[in-house]
file data-v2.cif (mmCIF, N, CA and C atoms)
data_my_file
loop_
_atom_site.label_atom_id
_atom_site.label_comp_id
_atom_site.auth_asym_id
_atom_site.auth_seq_id
_atom_site.Cartn_x
_atom_site.Cartn_y
_atom_site.Cartn_z
N MET A 17 -18.77 -87.98 -0.01
CA MET A 17 -19.24 -88.35 1.30
C MET A 17 -18.14 -89.03 2.11
N LYS A 18 -17.36 -89.93 1.46
CA LYS A 18 -16.26 -90.60 2.15
C LYS A 18 -15.23 -89.58 2.62
N LYS A 19 -15.00 -88.57 1.79
CA LYS A 19 -14.02 -87.53 2.12
C LYS A 19 -14.47 -86.76 3.37
N LEU A 20 -15.75 -86.44 3.44
CA LEU A 20 -16.30 -85.73 4.58
C LEU A 20 -16.22 -86.59 5.84
N SER A 21 -16.54 -87.87 5.73
CA SER A 21 -16.48 -88.79 6.87
C SER A 21 -15.05 -88.91 7.39
N LEU A 22 -14.10 -89.02 6.47
CA LEU A 22 -12.70 -89.11 6.86
C LEU A 22 -12.25 -87.82 7.56
N SER A 23 -12.67 -86.70 7.04
CA SER A 23 -12.31 -85.41 7.65
C SER A 23 -12.88 -85.29 9.06
N VAL A 24 -14.12 -85.71 9.24
CA VAL A 24 -14.75 -85.66 10.55
C VAL A 24 -14.03 -86.60 11.51
N PHE A 25 -13.69 -87.81 11.04
CA PHE A 25 -12.97 -88.77 11.87
C PHE A 25 -11.61 -88.20 12.31
N VAL A 26 -10.87 -87.64 11.38
CA VAL A 26 -9.56 -87.08 11.70
C VAL A 26 -9.71 -85.93 12.69
N LEU A 27 -10.68 -85.09 12.50
CA LEU A 27 -10.91 -83.96 13.41
C LEU A 27 -11.25 -84.47 14.82
N LEU A 28 -12.13 -85.45 14.92
CA LEU A 28 -12.50 -86.01 16.22
C LEU A 28 -11.30 -86.69 16.89
N PHE A 29 -10.50 -87.41 16.11
CA PHE A 29 -9.33 -88.08 16.64
C PHE A 29 -8.33 -87.07 17.20
N LEU A 30 -8.05 -86.04 16.44
CA LEU A 30 -7.10 -85.02 16.89
C LEU A 30 -7.61 -84.28 18.14
N THR A 31 -8.91 -84.04 18.20
CA THR A 31 -9.50 -83.39 19.37
C THR A 31 -9.34 -84.28 20.60
N ALA A 32 -9.60 -85.57 20.45
CA ALA A 32 -9.47 -86.50 21.57
C ALA A 32 -8.03 -86.59 22.06
N VAL A 33 -7.08 -86.65 21.13
CA VAL A 33 -5.67 -86.73 21.50
C VAL A 33 -5.23 -85.46 22.22
N SER A 34 -5.61 -84.30 21.72
CA SER A 34 -5.19 -83.04 22.36
C SER A 34 -5.85 -82.89 23.73
N ALA A 35 -7.08 -83.36 23.89
CA ALA A 35 -7.75 -83.29 25.19
C ALA A 35 -7.04 -84.17 26.20
N GLN A 36 -6.60 -85.35 25.76
CA GLN A 36 -5.89 -86.26 26.66
C GLN A 36 -4.62 -85.60 27.17
N PHE A 37 -3.86 -84.95 26.30
CA PHE A 37 -2.62 -84.32 26.72
C PHE A 37 -2.85 -83.09 27.59
N SER A 38 -3.98 -82.44 27.45
CA SER A 38 -4.24 -81.27 28.28
C SER A 38 -4.57 -81.67 29.72
N PHE A 39 -5.03 -82.90 29.94
CA PHE A 39 -5.37 -83.36 31.28
C PHE A 39 -4.19 -83.99 32.01
N ALA A 40 -3.21 -84.48 31.31
CA ALA A 40 -2.08 -85.14 31.95
C ALA A 40 -0.78 -84.47 31.52
N GLN A 41 -0.01 -84.05 32.52
CA GLN A 41 1.29 -83.47 32.20
C GLN A 41 2.25 -84.62 31.95
N SER A 42 3.02 -84.51 30.90
CA SER A 42 3.88 -85.62 30.52
C SER A 42 5.16 -85.70 31.34
N ALA A 43 5.56 -84.62 31.98
CA ALA A 43 6.80 -84.62 32.76
C ALA A 43 6.66 -83.73 33.98
N PRO A 44 7.38 -84.07 35.04
CA PRO A 44 7.35 -83.20 36.22
C PRO A 44 7.95 -81.83 35.89
N TYR A 45 7.47 -80.82 36.56
CA TYR A 45 7.98 -79.46 36.34
C TYR A 45 8.00 -78.72 37.66
N THR A 46 8.71 -77.61 37.68
CA THR A 46 8.75 -76.73 38.84
C THR A 46 7.93 -75.49 38.52
N PRO A 47 6.91 -75.18 39.32
CA PRO A 47 6.09 -74.00 39.04
C PRO A 47 6.94 -72.73 39.09
N ALA A 48 6.61 -71.80 38.24
CA ALA A 48 7.33 -70.53 38.18
C ALA A 48 7.21 -69.77 39.50
N LYS A 49 8.28 -69.09 39.87
CA LYS A 49 8.24 -68.25 41.07
C LYS A 49 7.14 -67.22 40.90
N LYS A 50 6.43 -66.96 41.98
CA LYS A 50 5.33 -66.00 42.06
C LYS A 50 4.08 -66.44 41.29
N SER A 51 4.06 -67.70 40.80
CA SER A 51 2.86 -68.17 40.11
C SER A 51 1.80 -68.53 41.14
N THR A 52 0.54 -68.51 40.71
CA THR A 52 -0.54 -68.86 41.64
C THR A 52 -0.46 -70.32 42.05
N GLU A 53 0.00 -71.18 41.14
CA GLU A 53 0.14 -72.60 41.49
C GLU A 53 1.19 -72.80 42.57
N ARG A 54 2.33 -72.16 42.42
CA ARG A 54 3.41 -72.28 43.42
C ARG A 54 2.92 -71.77 44.77
N LYS A 55 2.24 -70.63 44.78
CA LYS A 55 1.72 -70.06 46.03
C LYS A 55 0.73 -71.02 46.68
N ALA A 56 -0.17 -71.60 45.89
CA ALA A 56 -1.18 -72.52 46.43
C ALA A 56 -0.53 -73.75 47.06
N ILE A 57 0.49 -74.29 46.40
CA ILE A 57 1.18 -75.46 46.94
C ILE A 57 1.90 -75.11 48.23
N LEU A 58 2.63 -73.99 48.23
CA LEU A 58 3.34 -73.58 49.45
C LEU A 58 2.38 -73.19 50.56
N ASP A 59 1.19 -72.70 50.22
CA ASP A 59 0.17 -72.44 51.24
C ASP A 59 -0.26 -73.76 51.90
N GLY A 60 -0.32 -74.83 51.10
CA GLY A 60 -0.62 -76.15 51.66
C GLY A 60 0.44 -76.61 52.63
N VAL A 61 1.71 -76.31 52.31
CA VAL A 61 2.82 -76.64 53.22
C VAL A 61 2.70 -75.81 54.49
N ARG A 62 2.42 -74.51 54.34
CA ARG A 62 2.29 -73.63 55.51
C ARG A 62 1.16 -74.11 56.43
N LYS A 63 0.06 -74.52 55.84
CA LYS A 63 -1.07 -75.01 56.65
C LYS A 63 -0.66 -76.26 57.42
N HIS A 64 0.04 -77.18 56.75
CA HIS A 64 0.50 -78.41 57.38
C HIS A 64 1.45 -78.11 58.54
N ARG A 65 2.30 -77.12 58.36
CA ARG A 65 3.29 -76.76 59.38
C ARG A 65 2.73 -75.76 60.40
N ASN A 66 1.46 -75.44 60.27
CA ASN A 66 0.78 -74.51 61.20
C ASN A 66 1.51 -73.18 61.34
N ASN A 67 2.00 -72.66 60.21
CA ASN A 67 2.68 -71.37 60.24
C ASN A 67 2.41 -70.62 58.93
N PRO A 68 1.34 -69.81 58.92
CA PRO A 68 0.94 -69.14 57.68
C PRO A 68 1.92 -68.08 57.18
N ASP A 69 2.90 -67.71 58.00
CA ASP A 69 3.82 -66.64 57.60
C ASP A 69 5.19 -67.15 57.14
N GLU A 70 5.42 -68.47 57.20
CA GLU A 70 6.73 -69.00 56.79
C GLU A 70 6.98 -68.74 55.31
N VAL A 71 8.24 -68.44 55.02
CA VAL A 71 8.67 -68.23 53.64
C VAL A 71 9.70 -69.31 53.33
N TYR A 72 9.48 -70.05 52.25
CA TYR A 72 10.36 -71.15 51.89
C TYR A 72 11.12 -70.86 50.62
N THR A 73 12.34 -71.39 50.57
CA THR A 73 13.10 -71.44 49.34
C THR A 73 13.34 -72.92 49.07
N PRO A 74 12.42 -73.56 48.34
CA PRO A 74 12.54 -75.00 48.14
C PRO A 74 13.83 -75.41 47.45
N LYS A 75 14.41 -76.50 47.93
CA LYS A 75 15.57 -77.11 47.28
C LYS A 75 15.09 -77.99 46.13
N LYS A 76 13.92 -78.60 46.35
CA LYS A 76 13.30 -79.46 45.33
C LYS A 76 11.83 -79.10 45.29
N PHE A 77 11.29 -78.96 44.09
CA PHE A 77 9.89 -78.58 43.93
C PHE A 77 9.42 -79.14 42.60
N LYS A 78 8.77 -80.29 42.64
CA LYS A 78 8.31 -80.93 41.41
C LYS A 78 6.81 -81.18 41.48
N VAL A 79 6.13 -80.93 40.37
CA VAL A 79 4.68 -81.08 40.27
C VAL A 79 4.34 -81.88 39.02
N GLN A 80 3.35 -82.76 39.16
CA GLN A 80 2.85 -83.49 37.99
C GLN A 80 1.50 -84.10 38.32
N ASN A 81 0.54 -83.89 37.45
CA ASN A 81 -0.79 -84.52 37.53
C ASN A 81 -1.45 -84.42 38.90
N GLY A 82 -1.42 -83.25 39.50
CA GLY A 82 -2.12 -83.06 40.77
C GLY A 82 -1.34 -83.53 41.99
N TRP A 83 -0.07 -83.84 41.83
CA TRP A 83 0.81 -84.23 42.93
C TRP A 83 2.01 -83.29 42.96
N ALA A 84 2.55 -83.06 44.15
CA ALA A 84 3.75 -82.22 44.28
C ALA A 84 4.63 -82.79 45.38
N PHE A 85 5.94 -82.66 45.19
CA PHE A 85 6.91 -83.04 46.21
C PHE A 85 7.79 -81.83 46.44
N VAL A 86 7.84 -81.39 47.70
CA VAL A 86 8.58 -80.18 48.06
C VAL A 86 9.59 -80.50 49.16
N SER A 87 10.83 -80.09 48.95
CA SER A 87 11.88 -80.20 49.95
C SER A 87 12.41 -78.80 50.21
N ALA A 88 12.56 -78.45 51.48
CA ALA A 88 13.07 -77.12 51.83
C ALA A 88 13.72 -77.15 53.21
N ASP A 89 14.54 -76.17 53.45
CA ASP A 89 15.10 -75.98 54.79
C ASP A 89 14.02 -75.39 55.68
N ASP A 90 14.09 -75.72 56.96
CA ASP A 90 13.21 -75.07 57.93
C ASP A 90 13.63 -73.60 57.97
N PRO A 91 12.71 -72.68 57.71
CA PRO A 91 13.08 -71.26 57.66
C PRO A 91 13.62 -70.73 58.99
N SER A 92 13.29 -71.39 60.09
CA SER A 92 13.79 -70.90 61.39
C SER A 92 15.25 -71.28 61.59
N GLU A 93 15.75 -72.27 60.84
CA GLU A 93 17.14 -72.71 60.93
C GLU A 93 17.71 -72.99 59.55
N PRO A 94 17.85 -71.96 58.71
CA PRO A 94 18.32 -72.20 57.34
C PRO A 94 19.70 -72.83 57.32
N GLY A 95 19.87 -73.80 56.42
CA GLY A 95 21.17 -74.44 56.26
C GLY A 95 21.42 -75.59 57.21
N VAL A 96 20.53 -75.85 58.15
CA VAL A 96 20.70 -76.96 59.08
C VAL A 96 19.96 -78.15 58.48
N ASP A 97 20.73 -79.08 57.90
CA ASP A 97 20.14 -80.21 57.18
C ASP A 97 19.15 -81.02 58.00
N SER A 98 19.44 -81.20 59.27
CA SER A 98 18.57 -82.04 60.10
C SER A 98 17.19 -81.42 60.28
N LEU A 99 17.04 -80.14 59.96
CA LEU A 99 15.75 -79.49 60.09
C LEU A 99 15.05 -79.27 58.75
N SER A 100 15.60 -79.89 57.70
CA SER A 100 14.93 -79.83 56.40
C SER A 100 13.65 -80.64 56.47
N PHE A 101 12.72 -80.33 55.59
CA PHE A 101 11.51 -81.13 55.51
C PHE A 101 11.21 -81.46 54.05
N HIS A 102 10.51 -82.57 53.86
CA HIS A 102 10.20 -83.09 52.54
C HIS A 102 8.77 -83.60 52.60
N VAL A 103 7.88 -83.02 51.79
CA VAL A 103 6.46 -83.37 51.88
C VAL A 103 5.88 -83.71 50.52
N LEU A 104 4.91 -84.61 50.55
CA LEU A 104 4.14 -84.97 49.37
C LEU A 104 2.77 -84.31 49.51
N LEU A 105 2.35 -83.61 48.47
CA LEU A 105 1.05 -82.94 48.47
C LEU A 105 0.19 -83.48 47.35
N ARG A 106 -1.11 -83.42 47.57
CA ARG A 106 -2.10 -83.84 46.58
C ARG A 106 -3.11 -82.72 46.40
N LYS A 107 -3.47 -82.45 45.17
CA LYS A 107 -4.47 -81.42 44.88
C LYS A 107 -5.85 -82.05 44.90
N THR A 108 -6.73 -81.47 45.70
CA THR A 108 -8.12 -81.89 45.77
C THR A 108 -8.97 -80.67 45.45
N GLY A 109 -9.65 -80.70 44.32
CA GLY A 109 -10.38 -79.52 43.87
C GLY A 109 -9.39 -78.43 43.53
N THR A 110 -9.44 -77.33 44.27
CA THR A 110 -8.50 -76.23 44.03
C THR A 110 -7.49 -76.09 45.16
N THR A 111 -7.52 -77.03 46.10
CA THR A 111 -6.67 -76.92 47.30
C THR A 111 -5.58 -77.99 47.32
N TRP A 112 -4.39 -77.58 47.72
CA TRP A 112 -3.28 -78.50 47.89
C TRP A 112 -3.13 -78.82 49.37
N GLY A 113 -2.94 -80.11 49.67
CA GLY A 113 -2.76 -80.51 51.06
C GLY A 113 -1.66 -81.55 51.18
N VAL A 114 -0.92 -81.49 52.28
CA VAL A 114 0.13 -82.47 52.54
C VAL A 114 -0.53 -83.79 52.90
N VAL A 115 -0.11 -84.86 52.22
CA VAL A 115 -0.65 -86.20 52.51
C VAL A 115 0.37 -87.09 53.21
N ASP A 116 1.65 -86.73 53.13
CA ASP A 116 2.69 -87.50 53.82
C ASP A 116 3.96 -86.67 53.83
N GLU A 117 4.86 -87.08 54.71
CA GLU A 117 6.17 -86.42 54.76
C GLU A 117 7.25 -87.44 55.04
N VAL A 118 8.45 -87.13 54.58
CA VAL A 118 9.59 -88.01 54.81
C VAL A 118 10.00 -87.89 56.27
N ASN A 119 10.16 -89.04 56.92
CA ASN A 119 10.63 -89.08 58.30
C ASN A 119 12.11 -88.70 58.30
N MET A 120 12.44 -87.62 58.98
CA MET A 120 13.82 -87.14 58.99
C MET A 120 14.54 -87.45 60.31
N THR A 121 14.03 -88.40 61.06
CA THR A 121 14.70 -88.81 62.29
C THR A 121 16.09 -89.33 61.96
N GLU A 122 17.05 -89.00 62.79
CA GLU A 122 18.43 -89.43 62.55
C GLU A 122 18.49 -90.94 62.35
N GLY A 123 19.20 -91.36 61.34
CA GLY A 123 19.35 -92.78 61.04
C GLY A 123 18.31 -93.32 60.08
N THR A 124 17.35 -92.49 59.70
CA THR A 124 16.32 -92.93 58.76
C THR A 124 16.92 -93.07 57.36
N ASP A 125 16.55 -94.12 56.67
CA ASP A 125 17.04 -94.36 55.32
C ASP A 125 16.15 -93.62 54.32
N TRP A 126 16.73 -92.67 53.59
CA TRP A 126 15.99 -91.85 52.64
C TRP A 126 15.27 -92.70 51.60
N ASP A 127 16.01 -93.63 50.98
CA ASP A 127 15.41 -94.47 49.94
C ASP A 127 14.25 -95.30 50.47
N ALA A 128 14.39 -95.81 51.69
CA ALA A 128 13.30 -96.59 52.29
C ALA A 128 12.07 -95.72 52.54
N GLU A 129 12.30 -94.48 52.94
CA GLU A 129 11.18 -93.55 53.17
C GLU A 129 10.45 -93.23 51.86
N ILE A 130 11.21 -92.96 50.81
CA ILE A 130 10.59 -92.66 49.51
C ILE A 130 9.83 -93.88 49.01
N THR A 131 10.40 -95.08 49.19
CA THR A 131 9.71 -96.31 48.80
C THR A 131 8.41 -96.47 49.58
N ARG A 132 8.45 -96.18 50.88
CA ARG A 132 7.25 -96.27 51.72
C ARG A 132 6.15 -95.34 51.20
N ILE A 133 6.54 -94.11 50.87
CA ILE A 133 5.57 -93.13 50.40
C ILE A 133 5.00 -93.54 49.03
N LYS A 134 5.87 -94.02 48.14
CA LYS A 134 5.41 -94.46 46.82
C LYS A 134 4.45 -95.64 46.94
N LYS A 135 4.72 -96.52 47.88
CA LYS A 135 3.84 -97.68 48.08
C LYS A 135 2.49 -97.23 48.64
N LYS A 136 2.52 -96.26 49.54
CA LYS A 136 1.29 -95.75 50.16
C LYS A 136 0.45 -94.96 49.14
N PHE A 137 1.13 -94.27 48.22
CA PHE A 137 0.46 -93.44 47.21
C PHE A 137 0.93 -93.86 45.81
N PRO A 138 0.47 -95.01 45.33
CA PRO A 138 0.98 -95.53 44.05
C PRO A 138 0.64 -94.65 42.84
N ASN A 139 -0.34 -93.77 42.96
CA ASN A 139 -0.69 -92.90 41.84
C ASN A 139 0.19 -91.66 41.74
N ALA A 140 1.00 -91.42 42.76
CA ALA A 140 1.92 -90.27 42.72
C ALA A 140 2.99 -90.56 41.66
N PRO A 141 3.19 -89.65 40.72
CA PRO A 141 4.18 -89.88 39.66
C PRO A 141 5.60 -90.02 40.22
N ALA A 142 6.29 -91.07 39.82
CA ALA A 142 7.64 -91.33 40.33
C ALA A 142 8.60 -90.17 40.05
N GLY A 143 8.40 -89.47 38.95
CA GLY A 143 9.30 -88.39 38.57
C GLY A 143 9.36 -87.21 39.53
N ILE A 144 8.34 -87.02 40.34
CA ILE A 144 8.36 -85.88 41.26
C ILE A 144 9.31 -86.11 42.42
N PHE A 145 9.70 -87.36 42.66
CA PHE A 145 10.59 -87.68 43.77
C PHE A 145 12.07 -87.57 43.37
N ARG A 146 12.36 -87.38 42.11
CA ARG A 146 13.76 -87.36 41.63
C ARG A 146 14.33 -85.97 41.75
#

call {"tool": "encode", "arguments": {"input": "data-v2.cif", "output": "structure tokens"}}
result
Amino acid sequence: MKKLSLSVFVLLFLTAVSAQFSFAQSAPYTPAKKSTERKAILDGVRKHRNNPDEVYTPKKFKVQNGWAFVSADDPSEPGVDSLSFHVLLRKTGTTWGVVDEVNMTEGTDWDAEITRIKKKFPNAPAGIFR
């Protein structure tokens, strides 16, 4: 009987541990090109920018635990740094939406902007901003 109880306990413990890891990603990652997740996130960016036909080649694209940080050149002016954009997205249900963006006004301090966003959204994983 003790052997059976121990086996059941071990099985329940391992199930609980594996369930915990399936709900939380341990490290930021970049979604694969042409994946449904990548498309859904970029659709959220397109909606925010009011341009459903824009095509982006992100310079930075990190996702973790329902949060994403995307940096890309403005497709209308590729290679012009001052027209780059950087947005924080949050997944709600099955939809990704932009919740904030880095102010790119000339003279803006990048680190101060990232600190502002992290303070406003403390649950956003720090690793997605790196």

call {"tool": "closest_residue", "arguments": {"input": "data-v2.cif", "among": "A:Ile130, A:Met120, A:Val115, A:Leu105", "to": "A:Ile57", "atoms": "only N, CA and C atoms"}}
result
A:Leu105

call {"tool": "resolve_selection", "arguments": {"input": "data-v2.cif", "expression": "the PyMOL selection byres ((chain A and resi 117) around 6)", "output": "list of chain:residue names"}}
result
A:His102, A:Val103, A:Leu104, A:Val115, A:Asp116, A:Val118, A:Asn119

call {"tool": "closest_residue", "arguments": {"input": "data-v2.cif", "among": "A:Gly82, A:Ser87, A:Leu58, A:Lys49", "to": "A:Glu70", "atoms": "only N, CA and C atoms"}}
result
A:Leu58

call {"tool": "residues_around", "arguments": {"input": "data-v2.cif", "residues": "A:Ala56", "least_positions_apart": "5", "cutoff": "8 Å", "atoms": "only N, CA and C atoms", "output": "PyMOL selection string"}}
result
chain A and resi 51+61-62+110-113

call {"tool": "closest_residue", "arguments": {"input": "data-v2.cif", "among": "A:Ile133, A:Val114, A:Ala142, A:Val71", "to": "A:Ser92", "atoms": "only C-alpha atoms"}}
result
A:Val71

call {"tool": "residues_near_point", "arguments": {"input": "data-v2.cif", "point": "(10.9, -70.1, 45.6)", "cutoff": "8 Å", "atoms": "all atoms listed in the file", "output": "MDAnalysis selection string"}}
result
chainID A and resid 48:50 71:75

call {"tool": "atom_distance", "arguments": {"input": "data-v2.cif", "atom1": "atom N of A:Arg106", "atom2": "atom N of A:Ala84"}}
result
5.0 Å

call {"tool": "atom_distance", "arguments": {"input": "data-v2.cif", "atom1": "atom CA of A:Thr121", "atom2": "atom C of A:Ser100"}}
result
10.1 Å

call {"tool": "atom_distance", "arguments": {"input": "data-v2.cif", "atom1": "atom C of A:Val86", "atom2": "atom C of A:Ile144"}}
result
8.8 Å

call {"tool": "decode", "arguments": {"input": "data-v2.cif", "residues": "stretch 54-65 of chain A", "atoms": "all heavy atoms", "output": "PDB file, in the first residue's frame"}}
result
ATOM      1  N   ARG A  54       3.468  34.231 -35.134  1.00  0.00           N
ATOM      2  CA  ARG A  54       4.149  35.414 -35.689  1.00  0.00           C
ATOM      3  C   ARG A  54       3.158  36.268 -36.477  1.00  0.00           C
ATOM      4  O   ARG A  54       3.127  37.490 -36.338  1.00  0.00           O
ATOM      5  CB  ARG A  54       5.310  34.963 -36.578  1.00  0.00           C
ATOM      6  CG  ARG A  54       6.176  36.098 -37.087  1.00  0.00           C
ATOM      7  CD  ARG A  54       7.300  35.529 -37.958  1.00  0.00           C
ATOM      8  NE  ARG A  54       8.213  36.528 -38.402  1.00  0.00           N
ATOM      9  CZ  ARG A  54       9.413  36.757 -37.888  1.00  0.00           C
ATOM     10  NH1 ARG A  54       9.840  36.025 -36.880  1.00  0.00           N
ATOM     11  NH2 ARG A  54      10.180  37.698 -38.362  1.00  0.00           N
ATOM     12  N   LYS A  55       2.328  35.629 -37.297  1.00  0.00           N
ATOM     13  CA  LYS A  55       1.340  36.359 -38.095  1.00  0.00           C
ATOM     14  C   LYS A  55       0.356  37.092 -37.185  1.00  0.00           C
ATOM     15  O   LYS A  55       0.035  38.258 -37.415  1.00  0.00           O
ATOM     16  CB  LYS A  55       0.593  35.419 -39.033  1.00  0.00           C
ATOM     17  CG  LYS A  55      -0.419  36.146 -39.910  1.00  0.00           C
ATOM     18  CD  LYS A  55      -1.214  35.195 -40.768  1.00  0.00           C
ATOM     19  CE  LYS A  55      -2.220  35.879 -41.658  1.00  0.00           C
ATOM     20  NZ  LYS A  55      -2.994  36.952 -41.097  1.00  0.00           N
ATOM     21  N   ALA A  56      -0.111  36.425 -36.124  1.00  0.00           N
ATOM     22  CA  ALA A  56      -1.076  37.049 -35.212  1.00  0.00           C
ATOM     23  C   ALA A  56      -0.473  38.272 -34.523  1.00  0.00           C
ATOM     24  O   ALA A  56      -1.137  39.306 -34.385  1.00  0.00           O
ATOM     25  CB  ALA A  56      -1.549  36.028 -34.175  1.00  0.00           C
ATOM     26  N   ILE A  57       0.785  38.170 -34.104  1.00  0.00           N
ATOM     27  CA  ILE A  57       1.443  39.307 -33.452  1.00  0.00           C
ATOM     28  C   ILE A  57       1.615  40.460 -34.432  1.00  0.00           C
ATOM     29  O   ILE A  57       1.292  41.614 -34.129  1.00  0.00           O
ATOM     30  CB  ILE A  57       2.796  38.874 -32.838  1.00  0.00           C
ATOM     31  CG1 ILE A  57       2.545  37.891 -31.686  1.00  0.00           C
ATOM     32  CG2 ILE A  57       3.592  40.087 -32.364  1.00  0.00           C
ATOM     33  CD1 ILE A  57       3.779  37.170 -31.197  1.00  0.00           C
ATOM     34  N   LEU A  58       2.097  40.158 -35.635  1.00  0.00           N
ATOM     35  CA  LEU A  58       2.287  41.220 -36.632  1.00  0.00           C
ATOM     36  C   LEU A  58       0.950  41.795 -37.099  1.00  0.00           C
ATOM     37  O   LEU A  58       0.872  42.985 -37.438  1.00  0.00           O
ATOM     38  CB  LEU A  58       3.130  40.716 -37.804  1.00  0.00           C
ATOM     39  CG  LEU A  58       4.593  40.416 -37.432  1.00  0.00           C
ATOM     40  CD1 LEU A  58       5.351  39.839 -38.627  1.00  0.00           C
ATOM     41  CD2 LEU A  58       5.286  41.648 -36.888  1.00  0.00           C
ATOM     42  N   ASP A  59      -0.113  41.001 -37.073  1.00  0.00           N
ATOM     43  CA  ASP A  59      -1.451  41.544 -37.363  1.00  0.00           C
ATOM     44  C   ASP A  59      -1.845  42.568 -36.298  1.00  0.00           C
ATOM     45  O   ASP A  59      -2.484  43.582 -36.603  1.00  0.00           O
ATOM     46  CB  ASP A  59      -2.496  40.427 -37.438  1.00  0.00           C
ATOM     47  CG  ASP A  59      -2.433  39.639 -38.739  1.00  0.00           C
ATOM     48  OD1 ASP A  59      -1.753  40.089 -39.695  1.00  0.00           O
ATOM     49  OD2 ASP A  59      -3.062  38.563 -38.801  1.00  0.00           O
ATOM     50  N   GLY A  60      -1.455  42.317 -35.045  1.00  0.00           N
ATOM     51  CA  GLY A  60      -1.700  43.288 -33.976  1.00  0.00           C
ATOM     52  C   GLY A  60      -0.963  44.590 -34.222  1.00  0.00           C
ATOM     53  O   GLY A  60      -1.488  45.682 -33.983  1.00  0.00           O
ATOM     54  N   VAL A  61       0.271  44.481 -34.738  1.00  0.00           N
ATOM     55  CA  VAL A  61       1.047  45.684 -35.085  1.00  0.00           C
ATOM     56  C   VAL A  61       0.370  46.414 -36.235  1.00  0.00           C
ATOM     57  O   VAL A  61       0.207  47.641 -36.200  1.00  0.00           O
ATOM     58  CB  VAL A  61       2.505  45.315 -35.454  1.00  0.00           C
ATOM     59  CG1 VAL A  61       3.263  46.545 -35.942  1.00  0.00           C
ATOM     60  CG2 VAL A  61       3.220  44.673 -34.272  1.00  0.00           C
ATOM     61  N   ARG A  62      -0.052  45.669 -37.262  1.00  0.00           N
ATOM     62  CA  ARG A  62      -0.718  46.284 -38.421  1.00  0.00           C
ATOM     63  C   ARG A  62      -1.993  47.025 -37.991  1.00  0.00           C
ATOM     64  O   ARG A  62      -2.259  48.132 -38.451  1.00  0.00           O
ATOM     65  CB  ARG A  62      -1.071  45.221 -39.456  1.00  0.00           C
ATOM     66  CG  ARG A  62       0.117  44.670 -40.192  1.00  0.00           C
ATOM     67  CD  ARG A  62      -0.304  43.648 -41.263  1.00  0.00           C
ATOM     68  NE  ARG A  62       0.866  42.975 -41.736  1.00  0.00           N
ATOM     69  CZ  ARG A  62       1.328  41.815 -41.265  1.00  0.00           C
ATOM     70  NH1 ARG A  62       0.678  41.168 -40.314  1.00  0.00           N
ATOM     71  NH2 ARG A  62       2.434  41.287 -41.752  1.00  0.00           N
ATOM     72  N   LYS A  63      -2.749  46.415 -37.103  1.00  0.00           N
ATOM     73  CA  LYS A  63      -3.978  47.055 -36.621  1.00  0.00           C
ATOM     74  C   LYS A  63      -3.648  48.357 -35.895  1.00  0.00           C
ATOM     75  O   LYS A  63      -4.294  49.383 -36.114  1.00  0.00           O
ATOM     76  CB  LYS A  63      -4.737  46.099 -35.696  1.00  0.00           C
ATOM     77  CG  LYS A  63      -6.045  46.671 -35.195  1.00  0.00           C
ATOM     78  CD  LYS A  63      -6.810  45.664 -34.358  1.00  0.00           C
ATOM     79  CE  LYS A  63      -8.116  46.273 -33.890  1.00  0.00           C
ATOM     80  NZ  LYS A  63      -8.856  45.367 -33.035  1.00  0.00           N
ATOM     81  N   HIS A  64      -2.624  48.324 -35.048  1.00  0.00           N
ATOM     82  CA  HIS A  64      -2.201  49.517 -34.306  1.00  0.00           C
ATOM     83  C   HIS A  64      -1.756  50.626 -35.258  1.00  0.00           C
ATOM     84  O   HIS A  64      -2.030  51.801 -35.027  1.00  0.00           O
ATOM     85  CB  HIS A  64      -1.062  49.148 -33.350  1.00  0.00           C
ATOM     86  CG  HIS A  64      -0.439  50.312 -32.669  1.00  0.00           C
ATOM     87  ND1 HIS A  64      -1.066  51.005 -31.662  1.00  0.00           N
ATOM     88  CD2 HIS A  64       0.762  50.917 -32.850  1.00  0.00           C
ATOM     89  CE1 HIS A  64      -0.278  51.985 -31.250  1.00  0.00           C
ATOM     90  NE2 HIS A  64       0.837  51.949 -31.953  1.00  0.00           N
ATOM     91  N   ARG A  65      -1.080  50.248 -36.321  1.00  0.00           N
ATOM     92  CA  ARG A  65      -0.565  51.232 -37.285  1.00  0.00           C
ATOM     93  C   ARG A  65      -1.589  51.565 -38.374  1.00  0.00           C
ATOM     94  O   ARG A  65      -1.297  52.311 -39.294  1.00  0.00           O
ATOM     95  CB  ARG A  65       0.738  50.711 -37.892  1.00  0.00           C
ATOM     96  CG  ARG A  65       1.862  50.668 -36.846  1.00  0.00           C
ATOM     97  CD  ARG A  65       3.142  50.057 -37.364  1.00  0.00           C
ATOM     98  NE  ARG A  65       3.627  50.629 -38.597  1.00  0.00           N
ATOM     99  CZ  ARG A  65       4.386  51.736 -38.688  1.00  0.00           C
ATOM    100  NH1 ARG A  65       4.741  52.375 -37.595  1.00  0.00           N
ATOM    101  NH2 ARG A  65       4.786  52.169 -39.856  1.00  0.00           N
TER     102      ARG A  65
END
